[in-house]
Amino acid sequence: MPKSAKNPAAAKPAEKPAKPAEKPGEEAPKPKRTAPAPNLLRGMKDILPGDQKYWALVRNAADHLAATFGFDRVDTPILEETALFVRGVGKQTDIVEKEMFSFVDQGGESMTLRPELTAPLARAYINHGMWNHPQPIKWYTWGQVFRHERPQAGRYRQFTQAGLDVFGDRHPVIDANLIFAAHTLFKDVGLDAIVLVNSIGDAASREQFKEQLVAYYRSKRSQICENCKKRLQRNPMRVLDCKEEGCVAVKAEAPQIVDFLNEESKNHFIRVLEYLDELEVPYQLQPHLVRGLDYYSHTVFEVVGSDDAEKHGQVALAAGGRYDALIETLGGQPTAACGFSWGIERVILRLKEKQVSVPDINQPEVFVAQLGEPARRKTLALFNALRKDGVQVAESFSRDALKQQLEIANRLGVRYTVILGQKEVLDGTALIRDMDSGIQEIVDFKKCAAELKRKLAMPAPPKAAPPAPPQEEEPLLAEEPLLKEEEPEAVEEEGKKGKKKKGDE
RNA sequence: GCGGCCAUCGUUCAAUGGUAGGACAGUGGAUUGUGGUUCCACGAACGAGGGUUCGAUUCCCUCUGGCCGCCCCA
């Protein structure tokens, strides 16, 4: 209203074809929104087109990695029995104690939106009797997981994990090769990463260690923080993560788990490290690295950005380890297992922070523009012909003005625009405009698709290369004759009008 | 789950106890069928609810959501 008061010339509240959709009668056409906008649930995120290229990159890298390392894709349901996670992940863990989206359904059954991918995968292994197949079983999985946490950047309540897991093989080379795969993954998407690795041994070693650790920290009780005192009772190994000054000092002298590994555990770990050396994976031993999930044993590792290794607030991009006890815990045959998973959103966040260049997806190569109804009809078919030929085509069929269509073509960054107007329809021709040079040629409409394919097959000239010194001459030579051979009326844009070539009549 | 900071057009950033302005993006123009630059115009926001007040986008409370730290984790 105030607008119209100030600016009577402009505002005419009466007819806006779009807005008053239904209600015809009534008096004041309220331009205001009536219903409040719906909110996104906490920790949930829409992935809009602008972000899809990151997802495509990571997804392609993961698919490729899995394929080349010989992992088969498996998808499990998002919803599982609550008991699966209580048994698999561990009753005492934070994930199970306070972070699960659990509910009782109409049938009275307790179910949970999966908070991680490993337990469901192990469940599937058991359910389908996978131990009857040749071992090891190598599985690749990708999907949404849910944790009821306080959201932050790179931390959501619904997020995406992917994982690589190997079942039925206890050989240390499995651990090492998985770590190698993890490192390769990040390299493939353009991130420098480093692996932090440790061994927490088998259950027996770990119990012994915990005892000693608790005894040691008790002796330093006066120097550690309140939080760590609690940790000693609940989850002793966590004290090693504490960043409090006093605790860090105490930690320096603390017993290290490697000293408590029995022969077998120690041996396993050493061999993993040897393989890592062989694979030239950059890794750091982290004597105090532990994991929050109950099922881990022996090798545990995290992958972090290489310049983050020392940073104290660093978050892992990927994490995993060996979990030989899990399948048995869930009721299957004793089956060794090892795997890791990574958080897609965190990887993408990192890609953005590092400004890693990510290829566009759906980049159209050709735009079809039309002028007049007959042309519009013909371009419909042309569009489809090109599309079926595997050319990325774009259009704006509903627009009339050629100018607008070219604007769109330009914005989309296509290499060529096909222009069809009244004249071309009558002549059975089409214009192919090179968007970089502005040169247009007339081609037979029937040969238009073939001609475009031929042009697209040639390497694109360097995009507006900065003051490039003497470029190679080869490409230029290669292109020119091609244009001439066909004698295609290379009509140059503006300057041509006057001295149009005679060939027109 | 705990503590702190924050919430204005699609995006980003202003101003204000008397209903908000710019930039970018968008849409439409600058004579007939030609983009990138330029110029003009237009559309577009105070997250929700309550309170104080003559009057709240502005002050207070609650909710919702975001960010930071903690817990924990990918």
# chains A, B, ... in the order shown; residues from 1 in each chain; ligands from 1
>>> residues_around(residues="Asp360 (chain A)", least_positions_apart="4", cutoff="9 Å", atoms="only C-alpha atoms (C1' of nucleotides)", output="short mmCIF file (atom, residue, chain, number, x, y, z; two decimals) with C-alpha atoms, in the first residue's frame")
data_model
loop_
_atom_site.label_atom_id
_atom_site.label_comp_id
_atom_site.auth_asym_id
_atom_site.auth_seq_id
_atom_site.Cartn_x
_atom_site.Cartn_y
_atom_site.Cartn_z
CA GLN A 52 24.75 -30.91 -6.79
CA LYS A 53 28.05 -30.79 -8.58
CA TYR A 54 29.82 -31.46 -5.29
#
>>> interface_residues(of="chain A", to="chain B", cutoff="8 Å", atoms="only C-alpha atoms (C1' of nucleotides)", output="PyMOL selection string")
chain A and resi 36+39-42+94+152-153+161+316-319+341-344+346+371+402-404+406-410+421+435
>>> atom_distance(atom1="CA of Gln440 (chain A)", atom2="CA of Gln370 (chain A)")
15.0 Å
>>> residues_around(residues="region 243-259 of chain A", least_positions_apart="5", cutoff="8 Å", atoms="only C-alpha atoms (C1' of nucleotides)", output="list in words")
Ser199, Ile200, Gly201, Arg206, Phe209, Gln212, Leu213, Tyr216, Tyr217, Lys220, Gln223, Ile224, Cys225, Cys228, Lys266, Pro287, His288 and His312 of chain A
>>> atom_distance(atom1="CA of Val315 (chain A)", atom2="CA of Leu79 (chain A)")
26.9 Å
>>> residues_around(residues="C61 (chain B)", least_positions_apart="2", cutoff="12 Å", atoms="only C-alpha atoms (C1' of nucleotides)", output="count of residues only")
6
>>> residues_around(residues="U8 (chain B)", least_positions_apart="2", cutoff="12 Å", atoms="only C-alpha atoms (C1' of nucleotides)", output="PyMOL selection string")
chain B and resi 12-16+20-21+45-47+57-58
>>> select_by_dssp(residues="region 239-444 of chain A", states="helix (DSSP H, G or I)", output="JSON, numbers by chain")
{"A": [239, 240, 241, 245, 246, 247, 248, 249, 250, 251, 252, 257, 258, 259, 260, 263, 264, 265, 266, 267, 268, 269, 270, 271, 272, 273, 274, 275, 276, 277, 278, 279, 306, 307, 308, 326, 327, 328, 329, 344, 345, 346, 347, 348, 349, 350, 351, 352, 353, 373, 374, 375, 376, 377, 378, 379, 380, 381, 382, 383, 384, 385, 386, 387, 388, 402, 403, 404, 405, 406, 407, 408, 409, 410, 411, 412, 422, 423, 424, 425, 426, 427]}
>>> select_by_dssp(residues="region 192-426 of chain A", states="strand (DSSP E or B)", output="NGL selection string")
:A and (193-199 or 283-285 or 297-305 or 318-322 or 337-343 or 366-370 or 393-395 or 416-420)
>>> residues_around(residues="A30 (chain B)", least_positions_apart="3", cutoff="12 Å", atoms="only C-alpha atoms (C1' of nucleotides)", output="PyMOL selection string")
chain B and resi 38-41
>>> residues_around(residues="Val145 (chain A)", least_positions_apart="6", cutoff="9 Å", atoms="only C-alpha atoms (C1' of nucleotides)", output="list in words")
Ile78, Leu113, Arg114, Pro115, Glu116, Leu117, Arg157, Gln158, Phe159, Thr160 and Gln161 of chain A
>>> atom_distance(atom1="CA of Glu395 (chain A)", atom2="C1' of U37 (chain B)")
24.4 Å
